[in-house]
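A short write-up of the structure that comes next.
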Amino acid sequence: MLCIGVDIGGTFTDVIVYEPGTARLAEAKTLSTPADPAAAILDGLAKLGVSLSRAGRFVHGTTRVTNALLEGAGEPVAVITTEGFRDVLEMGLGHRPRLYSVKETGRPALTPRRMRHAVRERIAADGTVAVPLDLDQLDEVAARVAAGTARAVAICFLHSYRNPEHELAAAERISQRHPDISCSASADVVPEHGEYERFATTVLNASVRGAVSDYLSGLGSTLSANGYHHPLAIMTSSGGVVSTDQAGRLPINLALSGPAGGVAASAYVAGLAGFDNVITCDIGGTSTDVCLIKNGAPLMTNHGTIAGHPNRTFQIEINTIGAGGGSVAWRDLGGELRVGPKSAGSDPGPACYGRGGQEPTTTDAHLLVGHLDPDGLLGGEVAPDVDAARAALGRLAAQFDGELSETELADGVLRLATVKMTSAIKEISVARGHDPRDFVLMPFGGAGPMHATALADELGILRVLVPPVPGNFSALGFVTARARHDHVRTALVAADAAGLSAVRVIVDDLRETARSQLKTEEGVEADQVSFRFSLGMRFRGQSFDLAVPFDELPDRPTDLVAAFHDAYRERYAYLRSDHPTEIVNCRLTAFGPQPAVTFAAPAVGPPPTPANTRIWGPQGWTDATVWNRPTLTAEHQITGPAVVRESGSTTVIGAGWRGRVDRHGNLLLERS
């Protein structure tokens with residue numbers, strides 16, 4: 001049975017088909033169809049000649065949640081909270097968006113005050129019931145909500161992370177009496193302390209829950225009508241997959257669905273190649289997503305933001321900037337060249353797509369400097385229009401009083417884009433206490449390998465690993481991903497013997513809960529479940545905690561504190577070891593079995609004969625060789641400057657670099 005992975009992006013929809021028996025990979029790109037996303041999927045499968053009836057697994061990633069929240073397209077949400085806490089969403093954390101701007105206005109609350117309601121109830125900080133839930137008042141509030149415009153409700157009670165009894169009772173009662181209203185309880189969405197972040201995340205979840213449920217239901221029906229009759233799996237922001245029921249109930253967990261697929265694939269493919277420390281660089285049509293993988297696992301965070309609002313769900317720590325293949329180059333009011341964040345998208349797309357685009361983009365620049373094949377197909381979809389690209393860059397060059405030719409300006413656009421990408425990588429490496437030179441750079445996405453050696457030179461990185469099918473790599477990550485559920489429980493105990501005992505009880509309970517949930521929702525047997533857990537720890541008095549991973553809980557509190565000190569010193573290069581330490585939360589991740597995905601070894605034989613081309617370099621036009629990646633043989637050496645072309649992506653090997661194909665089909669580039 002075939003495994004299918006589909007990543008729907010802003011410009012292209014990527015399709016991967018993997019055949020386990022032969023280790024054969026097939027890939028296709030189609031232009032995304034926002035009005036009917038399934039149409040692009042079916043188009044991609046038709047290109048590959050694949051019938052859905054042959055598929056035994058279908059994994060999907062989507063940007064629908066992110067786009068809806070960024071565009072403010074979520075549905076209106078009513079909030080029901082504890083009496084006295086109606087204005088938590090209004091007050092926030094009291095932070096200014098710009099610290100030193102006295103004229104800065106605050107961000108509007110996620111939901112207006114007239115749609116925020118309070119009821120009498122109170123759970124104490126220790127989880128005991130201080131004030132019982134007033135059901136009569138709850139019924140009155142629910143009736144007012146039902147009479148209004150909101151069809152989604154976020155239930156956010158104080159200290160529900162300690163005891164969810166009141167939230168669950170309120171959600172059940174509202175659902176029974178008003179079945180057309182969708183309820184999201186904060187204890188279900190993000191059961192952690194911190195009222196504002198928890199409330200905001202729950203409201204974000206509620207605002208997109210209806211749209212995502214309808215989308216997944218419609219997609220499932222379309223796939224079923226075309227021959228697919230198995231459960232549909234959805235990629236989450238943490239790099240694992242869940243059922244459509246779980247995704248529909250907690251859609252906020254899909255906020256980084258697409259980029260997480262690329263990181264999951266990177267960890268898997270780099271691990272096969274023997275690299276545990278990797279910096280990923282996913283350059284698509286609209287944005288660049290970078291992430292750091294250390295010791296085989298990506299860095300994780302629960303301090304994300306969406307549209308300026310906190311998202312406390314557990315997610316891969318991905319840094320995103322507006323610089324991609326469709327990013328528009330422009331001249332600002334000060335006369336400086338800029339690239340992004342505006343993007344040409346898929347309609348009309350870059351000027352060289354010949355679909356009516358007039359503004360110059362980085363894709364147009366790559367075409368003019370010789371990186372892209374003027375006689376090929378961009379993304380396997382569009383014949384490039386060199387004249388349109390030259391005209392677009394010529395119009396921008398004219399704004400600089402004729403100081404630059406179109407080609408010189410194209411080179412400047414690419415240099416500026418590379419600098420922006422380098423800064424994004426430094427934010428997740430140097431700013432976190434990691435030296436990029438200790439990592440392998442792993443580029444993917446349609447444009448990632450074209451910037452790879454230039455980025456590596458900027459960062460001092462000596463090795464670049466270009467994976468198989470880089471243009472569709474996030475979709476490949478969906479195929480390699482395993483079922484994953486993340487669980488968290490607040491502890492707030494001292495890091496002493498009593499606190500360690502309390503944490504041990506919590507971890508044991510989370511393990512049992514995780515086994516049961518994976519069995520019920522994903523069909524994973526208990527003996528197939530594996531675990532990874534961490535403790536959120538901090539010095540007493542701090543506002544933020546640091547996740548400290550453990551294989552097993554230590555026997556002594558001193559070992560627990562020592563592990564925290566090591567993690568703290570590595571992150572901040574500073575340590576005050578005499579200050580008391582506390583455990584904030586326990587976080588456990590449960591995994592299903594890892595799908596066995598292997599890659600066909602490269603052919604053995606004489607090396608192919610390259611073609612010749614010219615590409616623009618620091619010294620102007622330079623002779624370069626052109627290679628077709630599927631024809632590369634095992635261990636054959638390629639010396640830069642060179643261009644390696646394949647369906648969906650192009651790798652540019654700069655001067656001073658050499659490359660070879662390893663036994664897993666990766667293209668390994670090394671600085672000579």
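Letters A, B, ... mark the chains of the structure tokens in the order given; residue numbers begin at 1 per chain; ligand numbers begin at 1, in order shown.
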**Prompt:** Can you list every residue in region 427-657 of chain A that DSSP puts in helix (DSSP H, G or I), as a count of residues only?
**Reply:** 79
**Request:** Excluding region 345-356 of chain A and any residue of its chain fewer than 3 positions from it, enumerate the residues within 8 Å of it, using only C-alpha atoms, and give them as a PyMOL selection string.
**Result:** chain A and resi 10-12+31-32+285-286+326+359-361+363-364+378+382-389+392
**Prompt:** What's the 9 Å shell around Ala169 (chain A), counting only C-alpha atoms, without same-chain residues fewer than 5 positions away, as number ranges by chain?
**Reply:** A: 133, 164, 174
**Item:** Neighbour list for region 231-248 of chain A as a count of residues only, cut-off 7 Å, only C-alpha atoms, skip fewer than 2 positions in-chain
**Value:** 29
**Message:** Measuring between only C-alpha atoms, which one of A:Ala55, A:Val6, A:Ala200, A:Ala497 shows the shortest distance to Pro20 (chain A)?
**Reply:**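 Looking at the shortest contact to Pro20 (chain A), the residue is A:Ala55.
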**Item:** Distance query Asp126 (chain A) at most 10 Å, only C-alpha atoms, self and fewer than 5 positions along chain excluded, as a PyMOL selection string
**Value:** chain A and resi 159+162-163+492
Please, which residues of region 454-599 of chain A, numbered as in this document, come out strand (DSSP E) from DSSP, as an mmCIF file with N, CA and C atoms, in the first residue's frame?
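So the final result, stored in part_28.cif, reads:
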data_model
loop_
_atom_site.group_PDB
_atom_site.id
_atom_site.type_symbol
_atom_site.label_atom_id
_atom_site.label_comp_id
_atom_site.auth_asym_id
_atom_site.auth_seq_id
_atom_site.Cartn_x
_atom_site.Cartn_y
_atom_site.Cartn_z
ATOM 1 N N ARG A 463 29.571 22.044 6.082
ATOM 2 C CA ARG A 463 28.883 20.935 5.415
ATOM 3 C C ARG A 463 27.420 21.283 5.196
ATOM 4 N N VAL A 464 26.921 20.919 4.030
ATOM 5 C CA VAL A 464 25.522 21.129 3.656
ATOM 6 C C VAL A 464 24.961 19.796 3.183
ATOM 7 N N LEU A 465 23.800 19.412 3.701
ATOM 8 C CA LEU A 465 23.162 18.159 3.313
ATOM 9 C C LEU A 465 21.856 18.480 2.591
ATOM 10 N N VAL A 466 21.852 18.281 1.270
ATOM 11 C CA VAL A 466 20.642 18.497 0.477
ATOM 12 C C VAL A 466 19.913 17.159 0.379
ATOM 13 N N ARG A 484 1.918 11.249 17.451
ATOM 14 C CA ARG A 484 2.526 11.944 18.584
ATOM 15 C C ARG A 484 1.454 12.720 19.342
ATOM 16 N N HIS A 485 1.421 12.531 20.646
ATOM 17 C CA HIS A 485 0.551 13.316 21.513
ATOM 18 C C HIS A 485 1.402 13.951 22.607
ATOM 19 N N ASP A 486 1.180 15.243 22.840
ATOM 20 C CA ASP A 486 1.923 15.976 23.867
ATOM 21 C C ASP A 486 1.018 16.250 25.059
ATOM 22 N N HIS A 487 1.542 16.000 26.243
ATOM 23 C CA HIS A 487 0.778 16.200 27.473
ATOM 24 C C HIS A 487 1.582 17.074 28.421
ATOM 25 N N VAL A 488 0.900 17.940 29.154
ATOM 26 C CA VAL A 488 1.580 18.807 30.111
ATOM 27 C C VAL A 488 0.715 18.916 31.361
ATOM 28 N N ARG A 489 1.371 19.022 32.500
ATOM 29 C CA ARG A 489 0.654 19.228 33.755
ATOM 30 C C ARG A 489 1.499 20.140 34.641
ATOM 31 N N THR A 490 0.859 21.144 35.178
ATOM 32 C CA THR A 490 1.549 22.095 36.049
ATOM 33 C C THR A 490 1.865 21.454 37.391
ATOM 34 N N ALA A 491 3.084 21.679 37.885
ATOM 35 C CA ALA A 491 3.506 21.129 39.173
ATOM 36 C C ALA A 491 3.680 22.233 40.211
ATOM 37 N N LEU A 492 4.520 23.245 39.904
ATOM 38 C CA LEU A 492 4.811 24.361 40.813
ATOM 39 C C LEU A 492 5.228 23.862 42.191
ATOM 40 N N VAL A 493 6.318 23.092 42.201
ATOM 41 C CA VAL A 493 6.866 22.566 43.458
ATOM 42 C C VAL A 493 8.355 22.873 43.506
ATOM 43 N N ALA A 494 8.898 22.876 44.700
ATOM 44 C CA ALA A 494 10.331 23.088 44.860
ATOM 45 C C ALA A 494 11.101 21.888 44.334
ATOM 46 N N SER A 530 6.404 4.883 22.837
ATOM 47 C CA SER A 530 7.651 5.331 23.464
ATOM 48 C C SER A 530 7.445 6.747 23.987
ATOM 49 N N PHE A 531 8.313 7.138 24.934
ATOM 50 C CA PHE A 531 8.105 8.414 25.614
ATOM 51 C C PHE A 531 9.359 9.276 25.581
ATOM 52 N N ARG A 532 9.125 10.575 25.641
ATOM 53 C CA ARG A 532 10.180 11.548 25.889
ATOM 54 C C ARG A 532 9.580 12.599 26.812
ATOM 55 N N PHE A 533 10.301 12.985 27.847
ATOM 56 C CA PHE A 533 9.715 13.989 28.728
ATOM 57 C C PHE A 533 10.745 15.000 29.182
ATOM 58 N N SER A 534 10.224 16.140 29.625
ATOM 59 C CA SER A 534 11.068 17.220 30.130
ATOM 60 C C SER A 534 10.352 17.900 31.276
ATOM 61 N N LEU A 535 11.126 18.590 32.083
ATOM 62 C CA LEU A 535 10.582 19.372 33.179
ATOM 63 C C LEU A 535 10.850 20.845 32.901
ATOM 64 N N GLY A 536 9.812 21.663 33.046
ATOM 65 C CA GLY A 536 9.993 23.101 32.973
ATOM 66 C C GLY A 536 10.498 23.596 34.317
ATOM 67 N N MET A 537 11.734 24.107 34.362
ATOM 68 C CA MET A 537 12.347 24.508 35.627
ATOM 69 C C MET A 537 12.807 25.962 35.551
ATOM 70 N N ARG A 538 12.911 26.581 36.720
ATOM 71 C CA ARG A 538 13.352 27.972 36.788
ATOM 72 C C ARG A 538 13.882 28.269 38.183
ATOM 73 N N PHE A 539 14.619 29.357 38.298
ATOM 74 C CA PHE A 539 14.975 29.855 39.615
ATOM 75 C C PHE A 539 13.751 30.528 40.225
ATOM 76 N N LEU A 546 12.592 26.988 31.811
ATOM 77 C CA LEU A 546 13.462 26.399 30.799
ATOM 78 C C LEU A 546 13.213 24.898 30.772
ATOM 79 N N ALA A 547 12.929 24.358 29.585
ATOM 80 C CA ALA A 547 12.665 22.925 29.461
ATOM 81 C C ALA A 547 13.962 22.138 29.584
ATOM 82 N N VAL A 548 13.999 21.207 30.539
ATOM 83 C CA VAL A 548 15.180 20.376 30.770
ATOM 84 C C VAL A 548 14.796 18.931 30.447
ATOM 85 N N PRO A 549 15.367 18.345 29.393
ATOM 86 C CA PRO A 549 14.992 16.980 29.004
ATOM 87 C C PRO A 549 15.622 15.932 29.911
ATOM 88 N N PHE A 550 14.910 14.822 30.105
ATOM 89 C CA PHE A 550 15.410 13.689 30.883
ATOM 90 C C PHE A 550 15.014 12.395 30.183
ATOM 91 N N THR A 581 15.670 26.545 43.298
ATOM 92 C CA THR A 581 15.110 26.135 42.008
ATOM 93 C C THR A 581 13.744 25.504 42.224
ATOM 94 N N GLU A 582 12.846 25.696 41.248
ATOM 95 C CA GLU A 582 11.531 25.070 41.342
ATOM 96 C C GLU A 582 11.140 24.437 40.012
ATOM 97 N N ILE A 583 10.230 23.478 40.117
ATOM 98 C CA ILE A 583 9.720 22.770 38.939
ATOM 99 C C ILE A 583 8.354 23.351 38.610
ATOM 100 N N VAL A 584 8.210 23.880 37.403
ATOM 101 C CA VAL A 584 6.974 24.541 37.009
ATOM 102 C C VAL A 584 5.980 23.551 36.422
ATOM 103 N N ASN A 585 6.443 22.719 35.484
ATOM 104 C CA ASN A 585 5.516 21.777 34.853
ATOM 105 C C ASN A 585 6.239 20.512 34.414
ATOM 106 N N CYS A 586 5.449 19.504 34.143
ATOM 107 C CA CYS A 586 5.949 18.231 33.609
ATOM 108 C C CYS A 586 5.364 18.077 32.210
ATOM 109 N N ARG A 587 6.205 17.825 31.243
ATOM 110 C CA ARG A 587 5.745 17.693 29.864
ATOM 111 C C ARG A 587 6.175 16.337 29.328
ATOM 112 N N LEU A 588 5.217 15.563 28.856
ATOM 113 C CA LEU A 588 5.499 14.220 28.345
ATOM 114 C C LEU A 588 4.985 14.101 26.918
ATOM 115 N N THR A 589 5.811 13.543 26.053
ATOM 116 C CA THR A 589 5.433 13.286 24.670
ATOM 117 C C THR A 589 5.388 11.783 24.450
ATOM 118 N N ALA A 590 4.278 11.315 23.913
ATOM 119 C CA ALA A 590 4.105 9.893 23.617
ATOM 120 C C ALA A 590 4.128 9.691 22.106
ATOM 121 N N PHE A 591 4.922 8.732 21.643
ATOM 122 C CA PHE A 591 5.081 8.466 20.216
ATOM 123 C C PHE A 591 4.533 7.090 19.860
#
**Asked** Taking into account only C-alpha atoms, which residue in the set A:Val644, A:Val278, A:Ala267, A:Leu158 is nearest to Arg658 (chain A)?
**Response**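 The answer is A:Val644, which sits nearest to Arg658 (chain A).
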